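Engineer: Please find one structure pasted underneath; my questions will follow.
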Amino acid sequence: GYKGHGLSSMVEILCAIIPGIPFGPHIPSMYGYDIKKPRHLGQHYMVIKTDVVSSHKDFISNLQSMTDEVRALNSVSDTNVMLPGDPEIKCSNYRKRNGIPISNELFKEFIDISKKYEVEF
């Protein structure tokens, strides 16, 4: 929608237009591109001193309330409403409990490398 487009346009302006580097379709693809040539990717860092307008304690409390309310919203599907980072946290927690899945080929490669360098695997 228009709000998402406005937000993505602001990110593009901050990360590409202001520093004068390629934007949108002008950014070289990360696949099939000569890795020895720089891609000239932009970044933008914004630091906000929240305690100028409210206490740090209030900021954290309000942020926690907002995230709790968003996650408690009714979903149109069978999945929970998530915030950015939630799927990665869920995956990380699962893998801490159950391990990281790897293919048989990669497992064999790890075994071969561990033998070659005489390290336990």
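Going by the structure tokens order, chains are called A, B, ..., each with residues numbered from 1, while ligands are numbered from 1 in the order shown.
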List as a list of chain:residue names the protein and nucleic acid residues near Ala16 (chain A), meaning an atom at most 12 Å away when only C-alpha atoms are counted, but skip any in the same chain fewer than 3 places from it.

Structural biologist: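 Counting only C-alpha atoms, the residues come to A:Ser8, A:Ser9, A:Met10, A:Val11, A:Glu12, A:Ile13, A:Pro19, A:Gly20, A:Ile21, A:Pro22, A:Phe23, A:Gly24, A:Pro25, A:His26, A:Ile27, A:His40, A:Leu41, A:Gly42, A:Gln43, A:His44.
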
Engineer: Could you please write out, as a ChimeraX atom specification, every residue of chain A that DSSP assigns to helix (DSSP H, G or I)?

Structural biologist: /A:2-17,24-26,50-52,56-71,86-98,104-116

Engineer: Please provide the set of residues having any atom within 12 Å of region 103-107 of chain A, restricted to only C-alpha atoms, with same-chain residues fewer than 6 positions apart removed, written as a PyMOL selection string.

Structural biologist: chain A and resi 113-114+121

Engineer: Using Å and a single decimal, report how far CA of Leu83 (chain A) sits from CA of Asp68 (chain A).

Structural biologist: 10.0 Å

Engineer: Which distance in Å separates CA of Arg39 (chain A) and CA of Cys15 (chain A), to one decimal?

Structural biologist: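 Value for the CA of Arg39 (chain A)-CA of Cys15 (chain A) distance: 13.7 Å.
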
Engineer: With the cut-off set at 12 Å and counting only C-alpha atoms, tabulate each residue of region 61-103 of chain A with an atom at most that distance from an atom of region 47-56 of chain A, showing the nearest atom pair and its distance in Å to one decimal, ordered by chain and increasing number, as CSV.

Structural biologist:
residue,atom,partner,partner_atom,distance
A:Ser61,CA,A:His56,CA,8.5
A:Asn62,CA,A:His56,CA,9.9
A:Leu63,CA,A:His56,CA,10.5

Engineer: State, in Å with one decimal place, the distance from CA of Ile100 (chain A) to CA of Glu88 (chain A).

Structural biologist: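 Atom-to-atom, CA of Ile100 (chain A) to CA of Glu88 (chain A), that is 13.2 Å.
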
Engineer: Just the residues within 12 Å of Gly85 (chain A), please, counting only C-alpha atoms, with nothing from its chain fewer than 6 positions along; format it as an mmCIF file with N, CA and C atoms, in the first residue's frame.

Structural biologist:
data_model
loop_
_atom_site.group_PDB
_atom_site.id
_atom_site.type_symbol
_atom_site.label_atom_id
_atom_site.label_comp_id
_atom_site.auth_asym_id
_atom_site.auth_seq_id
_atom_site.Cartn_x
_atom_site.Cartn_y
_atom_site.Cartn_z
ATOM 1 N N THR A 67 4.554 -4.287 21.683
ATOM 2 C CA THR A 67 4.865 -5.585 21.083
ATOM 3 C C THR A 67 3.937 -6.674 21.615
ATOM 4 N N CYS A 91 13.130 -19.972 15.355
ATOM 5 C CA CYS A 91 14.013 -20.951 14.718
ATOM 6 C C CYS A 91 15.260 -21.191 15.570
ATOM 7 N N SER A 92 15.849 -20.124 16.083
ATOM 8 C CA SER A 92 17.042 -20.235 16.925
ATOM 9 C C SER A 92 16.757 -21.056 18.178
#
